[in-house]
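**Student:** Input file: start_37.cif. Contents: mmCIF, C-alpha atoms.
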data_protein
loop_
_atom_site.group_PDB
_atom_site.id
_atom_site.type_symbol
_atom_site.label_atom_id
_atom_site.label_comp_id
_atom_site.auth_asym_id
_atom_site.auth_seq_id
_atom_site.Cartn_x
_atom_site.Cartn_y
_atom_site.Cartn_z
ATOM 1 C CA SER J 1110 -17.783 5.757 21.584
ATOM 2 C CA LEU J 1111 -20.178 4.672 18.852
ATOM 3 C CA SER J 1112 -21.047 1.152 17.747
ATOM 4 C CA LEU J 1113 -23.142 0.054 14.762
ATOM 5 C CA LYS J 1114 -23.929 -3.568 13.890
ATOM 6 C CA LYS J 1115 -25.167 -5.538 10.888
ATOM 7 C CA MET J 1116 -25.051 -2.752 8.294
ATOM 8 C CA PHE J 1117 -26.035 -3.424 4.686
ATOM 9 C CA TYR J 1118 -26.205 -1.150 1.653
ATOM 10 C CA SER J 1119 -27.088 -2.020 -1.919
ATOM 11 C CA GLN J 1120 -27.627 -0.096 -5.118
ATOM 12 C CA THR J 1121 -28.841 -1.246 -8.506
ATOM 13 C CA THR J 1122 -29.004 0.910 -11.642
ATOM 14 C CA ASP J 1123 -28.783 0.253 -15.361
ATOM 15 C CA SER J 1124 -24.984 0.457 -15.172
ATOM 16 C CA LEU J 1125 -24.225 -0.624 -11.599
ATOM 17 C CA SER J 1126 -25.126 -3.339 -9.138
ATOM 18 C CA MET J 1127 -23.327 -3.369 -5.808
ATOM 19 C CA ALA J 1128 -23.688 -4.415 -2.182
ATOM 20 C CA VAL J 1129 -21.700 -3.538 0.950
ATOM 21 C CA ARG J 1130 -21.960 -5.557 4.161
ATOM 22 C CA LEU J 1131 -20.460 -4.683 7.530
ATOM 23 C CA ASP J 1132 -20.826 -6.844 10.629
ATOM 24 C CA GLU J 1133 -19.820 -4.213 13.172
ATOM 25 C CA PHE J 1134 -18.388 -0.684 13.132
ATOM 26 C CA LYS J 1135 -16.899 1.112 16.164
ATOM 27 C CA VAL J 1136 -15.605 4.625 16.788
ATOM 28 C CA GLU J 1137 -13.629 5.185 19.983
ATOM 29 C CA GLY J 1138 -11.487 8.001 21.344
ATOM 30 C CA ASP J 1139 -11.601 11.548 22.513
ATOM 31 C CA GLY J 1140 -10.990 15.036 21.217
ATOM 32 C CA GLU J 1141 -10.667 18.618 22.359
ATOM 33 C CA MET J 1142 -11.499 21.741 20.337
ATOM 34 C CA ILE J 1143 -10.245 25.192 21.269
ATOM 35 C CA GLY J 1144 -11.218 27.784 18.674
ATOM 36 C CA ASP J 1145 -10.158 26.339 15.316
ATOM 37 C CA ASP J 1146 -7.648 23.948 16.872
ATOM 38 C CA VAL J 1147 -8.495 20.299 17.452
ATOM 39 C CA LYS J 1148 -6.536 17.705 19.378
ATOM 40 C CA ALA J 1149 -7.820 14.213 18.705
ATOM 41 C CA LYS J 1150 -7.124 10.569 19.396
ATOM 42 C CA LEU J 1151 -9.530 8.383 17.457
ATOM 43 C CA LYS J 1152 -9.819 4.749 16.465
ATOM 44 C CA LEU J 1153 -12.213 3.390 13.852
ATOM 45 C CA SER J 1154 -12.582 -0.367 13.610
ATOM 46 C CA SER J 1155 -14.799 -2.865 11.896
ATOM 47 C CA SER J 1156 -15.220 -6.595 11.797
ATOM 48 C CA THR J 1157 -15.902 -8.346 8.496
ATOM 49 C CA LEU J 1158 -16.371 -5.870 5.648
ATOM 50 C CA SER J 1159 -17.318 -6.966 2.153
ATOM 51 C CA TYR J 1160 -18.014 -5.226 -1.155
ATOM 52 C CA GLU J 1161 -19.563 -7.015 -4.101
ATOM 53 C CA SER J 1162 -20.451 -5.877 -7.594
ATOM 54 C CA ALA J 1163 -21.009 -7.651 -10.885
ATOM 55 C CA GLU J 1164 -17.263 -8.030 -11.550
ATOM 56 C CA GLN J 1165 -15.583 -7.364 -8.184
ATOM 57 C CA LEU J 1166 -15.529 -8.958 -4.751
ATOM 58 C CA ALA J 1167 -13.510 -7.594 -1.818
ATOM 59 C CA VAL J 1168 -13.578 -9.095 1.688
ATOM 60 C CA MET J 1169 -11.632 -8.009 4.777
ATOM 61 C CA ASN J 1170 -11.734 -9.792 8.108
ATOM 62 C CA SER J 1171 -11.152 -6.535 9.971
ATOM 63 C CA VAL J 1172 -10.304 -2.885 9.303
ATOM 64 C CA ASN J 1173 -8.633 -0.619 11.844
ATOM 65 C CA VAL J 1174 -7.804 3.067 11.380
ATOM 66 C CA ALA J 1175 -6.332 5.272 14.099
ATOM 67 C CA TYR J 1176 -5.337 8.936 14.208
ATOM 68 C CA ALA J 1177 -3.558 10.807 16.982
ATOM 69 C CA GLY J 1178 -2.479 14.420 16.697
ATOM 70 C CA ASP J 1179 -3.516 18.004 16.064
ATOM 71 C CA ILE J 1180 -5.676 19.611 13.393
ATOM 72 C CA ASN J 1181 -5.477 23.400 13.323
ATOM 73 C CA ASN J 1182 -5.439 26.576 11.230
ATOM 74 C CA ASN J 1183 -9.137 26.217 10.398
ATOM 75 C CA PHE J 1184 -8.715 22.489 9.613
ATOM 76 C CA ASP J 1185 -5.983 23.263 7.050
ATOM 77 C CA HIS J 1186 -2.984 21.850 8.909
ATOM 78 C CA ILE J 1187 -2.559 18.299 10.197
ATOM 79 C CA ASP J 1188 0.264 17.225 12.480
ATOM 80 C CA GLY J 1189 -0.139 13.680 13.691
ATOM 81 C CA SER J 1190 0.094 10.008 12.912
ATOM 82 C CA VAL J 1191 -2.241 7.696 10.992
ATOM 83 C CA THR J 1192 -2.163 3.910 11.216
ATOM 84 C CA LEU J 1193 -4.176 1.517 9.067
ATOM 85 C CA SER J 1194 -4.493 -2.250 9.119
ATOM 86 C CA LEU J 1195 -6.508 -4.487 6.812
ATOM 87 C CA ASP J 1196 -6.533 -8.126 7.897
ATOM 88 C CA ASP J 1197 -7.122 -11.152 5.670
ATOM 89 C CA MET J 1198 -8.010 -9.063 2.618
ATOM 90 C CA SER J 1199 -9.087 -10.902 -0.520
ATOM 91 C CA PHE J 1200 -9.946 -9.303 -3.841
ATOM 92 C CA SER J 1201 -11.159 -10.884 -7.057
ATOM 93 C CA LEU J 1202 -11.932 -9.365 -10.441
ATOM 94 C CA GLY J 1203 -14.173 -11.500 -12.601
ATOM 95 C CA ASN J 1204 -12.930 -15.068 -12.158
ATOM 96 C CA GLU J 1205 -9.406 -13.970 -11.217
ATOM 97 C CA LEU J 1206 -8.296 -13.983 -7.574
ATOM 98 C CA LEU J 1207 -5.881 -11.048 -7.335
ATOM 99 C CA LEU J 1208 -5.292 -11.012 -3.574
ATOM 100 C CA ASN J 1209 -5.799 -13.899 -1.181
ATOM 101 C CA LYS J 1210 -6.083 -13.250 2.574
ATOM 102 C CA ALA J 1211 -3.337 -10.623 2.623
ATOM 103 C CA ASP J 1212 -2.481 -8.398 5.586
ATOM 104 C CA ILE J 1213 -1.900 -4.710 4.811
ATOM 105 C CA ASN J 1214 -0.435 -2.311 7.362
ATOM 106 C CA VAL J 1215 0.363 1.398 7.046
ATOM 107 C CA LYS J 1216 2.125 3.683 9.527
ATOM 108 C CA LEU J 1217 2.063 7.313 8.387
ATOM 109 C CA PRO J 1218 3.409 10.114 10.595
ATOM 110 C CA LEU J 1219 2.671 13.293 8.668
ATOM 111 C CA ASN J 1220 2.784 17.052 8.762
ATOM 112 C CA ALA J 1221 0.464 18.364 6.049
ATOM 113 C CA THR J 1222 -0.943 21.670 4.853
ATOM 114 C CA LEU J 1223 -4.065 20.825 2.870
ATOM 115 C CA SER J 1224 -4.525 24.142 1.042
ATOM 116 C CA THR J 1225 -1.127 23.760 -0.657
ATOM 117 C CA MET J 1226 -1.048 19.938 -0.546
ATOM 118 C CA ASP J 1227 2.378 20.154 1.077
ATOM 119 C CA ILE J 1228 2.944 16.842 2.885
ATOM 120 C CA GLU J 1229 5.977 15.912 4.925
ATOM 121 C CA LEU J 1230 6.234 12.247 5.846
ATOM 122 C CA GLY J 1231 7.988 11.102 8.976
ATOM 123 C CA GLU J 1232 9.423 7.596 9.236
ATOM 124 C CA SER J 1233 6.569 5.890 7.412
ATOM 125 C CA GLN J 1234 6.033 2.229 6.693
ATOM 126 C CA LEU J 1235 3.909 0.281 4.225
ATOM 127 C CA ALA J 1236 3.602 -3.487 4.568
ATOM 128 C CA LEU J 1237 1.946 -6.210 2.509
ATOM 129 C CA ASN J 1238 2.335 -9.504 4.360
ATOM 130 C CA ASN J 1239 6.109 -9.825 4.847
ATOM 131 C CA ILE J 1240 6.996 -7.141 2.300
ATOM 132 C CA VAL J 1241 7.907 -3.981 4.218
ATOM 133 C CA VAL J 1242 8.689 -0.613 2.633
ATOM 134 C CA ASP J 1243 10.095 2.218 4.760
ATOM 135 C CA LEU J 1244 9.949 5.754 3.392
ATOM 136 C CA ILE J 1245 10.641 9.287 4.535
ATOM 137 C CA GLY J 1246 10.495 12.617 2.714
ATOM 138 C CA ASN J 1247 7.964 15.059 1.362
ATOM 139 C CA ALA J 1248 5.584 15.674 -1.520
ATOM 140 C CA MET J 1249 3.580 18.681 -2.615
ATOM 141 C CA ILE J 1250 1.414 19.905 -5.478
ATOM 142 C CA SER J 1251 2.628 23.218 -6.925
ATOM 143 C CA GLU J 1252 0.408 26.027 -8.210
ATOM 144 C CA ASN J 1253 0.681 24.697 -11.763
ATOM 145 C CA GLU J 1254 -0.345 21.230 -10.472
ATOM 146 C CA ASP J 1255 3.096 19.648 -10.775
ATOM 147 C CA VAL J 1256 3.749 17.003 -8.118
ATOM 148 C CA VAL J 1257 7.088 17.652 -6.422
ATOM 149 C CA VAL J 1258 8.551 14.688 -4.542
ATOM 150 C CA ASP J 1259 11.678 13.975 -2.528
ATOM 151 C CA LEU J 1260 11.539 10.510 -0.971
ATOM 152 C CA ARG J 1261 13.943 7.937 0.411
ATOM 153 C CA ILE J 1262 12.733 4.348 0.163
ATOM 154 C CA ASN J 1263 14.108 1.153 1.690
ATOM 155 C CA THR J 1264 12.761 -2.371 1.903
ATOM 156 C CA ASN J 1265 13.407 -5.236 4.234
ATOM 157 C CA THR J 1266 14.875 -8.438 2.824
ATOM 158 C CA LEU J 1267 12.298 -9.668 0.334
ATOM 159 C CA ILE J 1268 11.878 -13.366 -0.317
ATOM 160 C CA VAL J 1269 11.444 -13.830 -4.079
ATOM 161 C CA GLU J 1270 9.138 -16.819 -3.672
ATOM 162 C CA GLU J 1271 6.797 -14.764 -1.473
ATOM 163 C CA ILE J 1272 6.671 -12.006 -4.092
ATOM 164 C CA ILE J 1273 5.866 -14.554 -6.780
ATOM 165 C CA ASP J 1274 3.032 -15.939 -4.642
ATOM 166 C CA LEU J 1275 1.357 -12.509 -4.853
ATOM 167 C CA ILE J 1276 1.279 -12.514 -8.660
ATOM 168 C CA PRO J 1277 -2.144 -13.513 -10.079
ATOM 169 C CA GLU J 1278 -2.142 -16.978 -11.610
ATOM 170 C CA SER J 1279 -2.840 -15.808 -15.172
ATOM 171 C CA MET J 1280 0.100 -13.377 -15.090
ATOM 172 C CA LYS J 1281 2.322 -15.954 -13.408
ATOM 173 C CA GLU J 1282 1.697 -18.394 -16.246
ATOM 174 C CA ASP J 1283 2.663 -15.776 -18.844
ATOM 175 C CA LEU J 1284 5.733 -14.448 -17.018
ATOM 176 C CA LEU J 1285 7.193 -17.555 -15.394
ATOM 177 C CA ASP J 1286 6.026 -20.472 -17.508
ATOM 178 C CA GLY J 1287 8.590 -23.262 -17.111
ATOM 179 C CA MET J 1288 10.816 -21.227 -14.771
ATOM 180 C CA ASP J 1289 11.597 -21.608 -11.077
ATOM 181 C CA VAL J 1290 13.117 -18.525 -9.417
ATOM 182 C CA GLY J 1291 14.212 -17.963 -5.813
ATOM 183 C CA GLY J 1292 16.434 -15.852 -3.628
ATOM 184 C CA GLU J 1293 16.430 -12.649 -1.594
ATOM 185 C CA LEU J 1294 16.053 -9.043 -2.751
ATOM 186 C CA LYS J 1295 16.650 -5.721 -1.053
ATOM 187 C CA LEU J 1296 15.992 -2.231 -2.438
ATOM 188 C CA ALA J 1297 17.244 1.229 -1.447
ATOM 189 C CA ALA J 1298 16.143 4.185 -3.579
ATOM 190 C CA ASN J 1299 15.879 7.964 -3.783
ATOM 191 C CA VAL J 1300 13.058 9.537 -5.782
ATOM 192 C CA LYS J 1301 13.357 13.261 -6.434
ATOM 193 C CA GLY J 1302 11.893 15.719 -8.927
ATOM 194 C CA LEU J 1303 8.716 16.710 -10.743
ATOM 195 C CA TYR J 1304 5.853 14.553 -11.921
ATOM 196 C CA ASN J 1305 3.625 15.996 -14.662
ATOM 197 C CA ALA J 1306 2.543 15.252 -18.215
ATOM 198 C CA ASN J 1307 6.073 15.807 -19.512
ATOM 199 C CA SER J 1308 8.402 14.548 -16.794
ATOM 200 C CA ILE J 1309 8.829 12.020 -14.041
ATOM 201 C CA PRO J 1310 11.078 12.234 -10.953
ATOM 202 C CA ALA J 1311 14.648 10.967 -11.109
ATOM 203 C CA VAL J 1312 15.124 7.568 -9.484
ATOM 204 C CA ASN J 1313 18.449 6.354 -8.092
ATOM 205 C CA ALA J 1314 18.255 2.832 -6.740
ATOM 206 C CA GLU J 1315 20.439 -0.011 -5.557
ATOM 207 C CA ILE J 1316 19.058 -3.544 -5.816
ATOM 208 C CA GLN J 1317 20.777 -6.402 -4.032
ATOM 209 C CA TYR J 1318 20.090 -10.012 -5.021
ATOM 210 C CA GLU J 1319 21.474 -12.782 -2.826
ATOM 211 C CA ASN J 1320 21.270 -16.575 -2.570
ATOM 212 C CA GLY J 1321 19.561 -16.590 -5.956
ATOM 213 C CA THR J 1322 18.389 -19.709 -7.740
ATOM 214 C CA PHE J 1323 17.076 -20.164 -11.272
ATOM 215 C CA SER J 1324 16.018 -23.239 -13.209
ATOM 216 C CA MET J 1325 14.365 -23.704 -16.583
ATOM 217 C CA PRO J 1326 14.657 -27.377 -17.513
ATOM 218 C CA GLU J 1327 13.519 -26.899 -21.097
ATOM 219 C CA MET J 1328 16.486 -24.582 -21.846
ATOM 220 C CA LEU J 1329 19.107 -25.133 -19.128
ATOM 221 C CA PRO J 1330 20.425 -28.619 -18.334
ATOM 222 C CA TYR J 1331 21.415 -27.601 -14.798
ATOM 223 C CA PRO J 1332 19.904 -25.105 -12.336
ATOM 224 C CA LEU J 1333 21.775 -21.960 -11.355
ATOM 225 C CA THR J 1334 22.368 -21.573 -7.619
ATOM 226 C CA ASN J 1335 24.045 -19.268 -5.114
ATOM 227 C CA MET J 1336 23.732 -16.199 -7.330
ATOM 228 C CA ASN J 1337 24.747 -12.920 -5.667
ATOM 229 C CA THR J 1338 24.834 -9.549 -7.348
ATOM 230 C CA SER J 1339 23.933 -5.892 -6.967
ATOM 231 C CA LEU J 1340 22.529 -3.494 -9.518
ATOM 232 C CA ASP J 1341 22.668 0.296 -9.554
ATOM 233 C CA VAL J 1342 19.781 1.913 -11.423
ATOM 234 C CA ASP J 1343 19.762 5.569 -12.476
ATOM 235 C CA LEU J 1344 16.563 6.719 -14.202
ATOM 236 C CA ASN J 1345 16.816 10.374 -15.046
#
Show this structure as C-alpha cells.

**Tutor:**
Amino acid sequence: SLSLKKMFYSQTTDSLSMAVRLDEFKVEGDGEMIGDDVKAKLKLSSSTLSYESAEQLAVMNSVNVAYAGDINNNFDHIDGSVTLSLDDMSFSLGNELLLNKADINVKLPLNATLSTMDIELGESQLALNNIVVDLIGNAMISENEDVVVDLRINTNTLIVEEIIDLIPESMKEDLLDGMDVGGELKLAANVKGLYNANSIPAVNAEIQYENGTFSMPEMLPYPLTNMNTSLDVDLN
C-alpha cells in the first residue's frame, strides 16, 4: 500500500492559473505478473480533492476507484471490472453553480482490446444521485475511425422534480419560467449503428410518463394532474 498526504500543485502561465489540492491519497491491493499477463486487484482512494482555476472550481469529498481482473496480451487486453465513486461533488463555472454536492457512481464490467478499441460492456451502471442508468452492449472504433455501437439502455424510475433540481439556475429560469412540472419518467432504449461525421446510430426508445402534473398559472386556469402516457421514439 501507498499513502500520500497534503498534496498541492499549482501552475501559473500567461494563459492559465490553476491549483490542485489533495488531503490524502491511498493505493491498496495486490497484483501478480507472469510473463506479459497481470492479475490485479487495486483500490485508489482520496479524501477531499479540489481543482481551482480562474473560471472553474471542482470539489469532491472523496474519490474511490477500484479495478479487479486480468490484463494480458502485452497489456493490450483487459478483462475485469472497474468501479468509481465521487462523493459530494460540486462544480462551478464562473458564478454559476452547475453541480451541488452530487454523488456519482459507475460500475463497469468490461472486456476490451485496446489496439482495436473493441470494448464489450457487461451489466454496467451509471448513477447520478438517484438517477440510475443500466447499460449493456459493445462499442468499437473501426479502421476508418467510425465508432460502431450496439447498446441497450434502461433507467430506474426517475422523479421529474429531482431531474429539475440538477438543472443550473440560469437554464431553469429560461426553460421553466412560470411552470411547475412533476411526475415519474422511465426510459428503455436501443442504440445501434455508426457514429461519424456523416451519420449517427439509430435510436429506438420507449419513454413512460406517470403521475404527471403540470401547472402554469399565467396561461392555464387549473393545473393538470394524474397524467399518464408513453411515447415511442424512432430516430433513424

**Student:** Hey, can you check how far atom CA of Asp1283 of chain J sits from atom CA of Asp1343 of chain J?

**Tutor:**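 Answer for the atom CA of Asp1283 of chain J to atom CA of Asp1343 of chain J separation: 28.1 Å.
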
**Student:** Calculated over all atoms listed in the file, which of the candidates J:Leu1207, J:Val1290, J:Leu1244, J:Leu1296 has the smallest distance to Thr1334 of chain J?

**Tutor:**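 Looking at the shortest contact to Thr1334 of chain J, the residue is J:Val1290.
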
**Student:** Dump as a Markdown table the rows for residues of segment 1132-1243 of chain J within 12 Å of segment 1270-1277 of chain J: closest atom pair and distance in Å with one decimal, only C-alpha atoms counted, ordered by chain and rising residue number.

**Tutor:**
| residue | atom | partner | partner_atom | distance |
| --- | --- | --- | --- | --- |
| J:Ser1199 | CA | J:Leu1275 | CA | 11.4 |
| J:Phe1200 | CA | J:Pro1277 | CA | 10.8 |
| J:Ser1201 | CA | J:Pro1277 | CA | 9.9 |
| J:Leu1202 | CA | J:Pro1277 | CA | 10.6 |
| J:Asn1204 | CA | J:Pro1277 | CA | 11.1 |
| J:Glu1205 | CA | J:Pro1277 | CA | 7.4 |
| J:Leu1206 | CA | J:Pro1277 | CA | 6.7 |
| J:Leu1207 | CA | J:Pro1277 | CA | 5.3 |
| J:Leu1208 | CA | J:Leu1275 | CA | 6.9 |
| J:Asn1209 | CA | J:Leu1275 | CA | 8.2 |
| J:Lys1210 | CA | J:Leu1275 | CA | 10.5 |
| J:Ala1211 | CA | J:Leu1275 | CA | 9.0 |
| J:Asp1212 | CA | J:Leu1275 | CA | 11.9 |
| J:Leu1237 | CA | J:Leu1275 | CA | 9.7 |
| J:Asn1238 | CA | J:Glu1271 | CA | 9.0 |
| J:Asn1239 | CA | J:Glu1271 | CA | 8.1 |
| J:Ile1240 | CA | J:Ile1272 | CA | 8.0 |
| J:Val1241 | CA | J:Ile1272 | CA | 11.6 |

**Student:** Quick check on the file I pasted: which residues fall under the PyMOL selection byres ((chain J and resi 1168-1183) around 9)? Write them as a PDB file with C-alpha atoms, keeping the file's coordinate frame.

**Tutor:**
ATOM      1  CA  GLY J1144     -11.218  27.784  18.674  1.00  0.00           C
ATOM      2  CA  ASP J1145     -10.158  26.339  15.316  1.00  0.00           C
ATOM      3  CA  ASP J1146      -7.648  23.948  16.872  1.00  0.00           C
ATOM      4  CA  VAL J1147      -8.495  20.299  17.452  1.00  0.00           C
ATOM      5  CA  LYS J1148      -6.536  17.705  19.378  1.00  0.00           C
ATOM      6  CA  ALA J1149      -7.820  14.213  18.705  1.00  0.00           C
ATOM      7  CA  LYS J1150      -7.124  10.569  19.396  1.00  0.00           C
ATOM      8  CA  LEU J1151      -9.530   8.383  17.457  1.00  0.00           C
ATOM      9  CA  LYS J1152      -9.819   4.749  16.465  1.00  0.00           C
ATOM     10  CA  LEU J1153     -12.213   3.390  13.852  1.00  0.00           C
ATOM     11  CA  SER J1154     -12.582  -0.367  13.610  1.00  0.00           C
ATOM     12  CA  SER J1155     -14.799  -2.865  11.896  1.00  0.00           C
ATOM     13  CA  SER J1156     -15.220  -6.595  11.797  1.00  0.00           C
ATOM     14  CA  THR J1157     -15.902  -8.346   8.496  1.00  0.00           C
ATOM     15  CA  LEU J1158     -16.371  -5.870   5.648  1.00  0.00           C
ATOM     16  CA  SER J1159     -17.318  -6.966   2.153  1.00  0.00           C
ATOM     17  CA  TYR J1160     -18.014  -5.226  -1.155  1.00  0.00           C
ATOM     18  CA  GLU J1161     -19.563  -7.015  -4.101  1.00  0.00           C
ATOM     19  CA  LEU J1166     -15.529  -8.958  -4.751  1.00  0.00           C
ATOM     20  CA  ALA J1167     -13.510  -7.594  -1.818  1.00  0.00           C
ATOM     21  CA  PHE J1184      -8.715  22.489   9.613  1.00  0.00           C
ATOM     22  CA  ASP J1185      -5.983  23.263   7.050  1.00  0.00           C
ATOM     23  CA  HIS J1186      -2.984  21.850   8.909  1.00  0.00           C
ATOM     24  CA  ILE J1187      -2.559  18.299  10.197  1.00  0.00           C
ATOM     25  CA  ASP J1188       0.264  17.225  12.480  1.00  0.00           C
ATOM     26  CA  GLY J1189      -0.139  13.680  13.691  1.00  0.00           C
ATOM     27  CA  SER J1190       0.094  10.008  12.912  1.00  0.00           C
ATOM     28  CA  VAL J1191      -2.241   7.696  10.992  1.00  0.00           C
ATOM     29  CA  THR J1192      -2.163   3.910  11.216  1.00  0.00           C
ATOM     30  CA  LEU J1193      -4.176   1.517   9.067  1.00  0.00           C
ATOM     31  CA  SER J1194      -4.493  -2.250   9.119  1.00  0.00           C
ATOM     32  CA  LEU J1195      -6.508  -4.487   6.812  1.00  0.00           C
ATOM     33  CA  ASP J1196      -6.533  -8.126   7.897  1.00  0.00           C
ATOM     34  CA  ASP J1197      -7.122 -11.152   5.670  1.00  0.00           C
ATOM     35  CA  MET J1198      -8.010  -9.063   2.618  1.00  0.00           C
ATOM     36  CA  SER J1199      -9.087 -10.902  -0.520  1.00  0.00           C
ATOM     37  CA  PHE J1200      -9.946  -9.303  -3.841  1.00  0.00           C
ATOM     38  CA  LYS J1210      -6.083 -13.250   2.574  1.00  0.00           C
ATOM     39  CA  ALA J1211      -3.337 -10.623   2.623  1.00  0.00           C
TER      40      ALA J1211
END

**Student:** Any chance you could resolve the PyMOL selection byres ((chain J and resi 1325) around 10) against this file and give the residues as a ChimeraX atom specification?

**Tutor:** /J:1285-1290,1323-1324,1326-1333

**Student:** Give me the result of the PyMOL selection byres ((chain J and resi 1163) around 8) on this file, residue by residue, as a PDB file with C-alpha atoms, keeping the file's coordinate frame.

**Tutor:**
ATOM      1  CA  LEU J1125     -24.225  -0.624 -11.599  1.00  0.00           C
ATOM      2  CA  SER J1126     -25.126  -3.339  -9.138  1.00  0.00           C
ATOM      3  CA  MET J1127     -23.327  -3.369  -5.808  1.00  0.00           C
ATOM      4  CA  GLU J1161     -19.563  -7.015  -4.101  1.00  0.00           C
ATOM      5  CA  SER J1162     -20.451  -5.877  -7.594  1.00  0.00           C
ATOM      6  CA  GLU J1164     -17.263  -8.030 -11.550  1.00  0.00           C
ATOM      7  CA  GLN J1165     -15.583  -7.364  -8.184  1.00  0.00           C
TER       8      GLN J1165
END
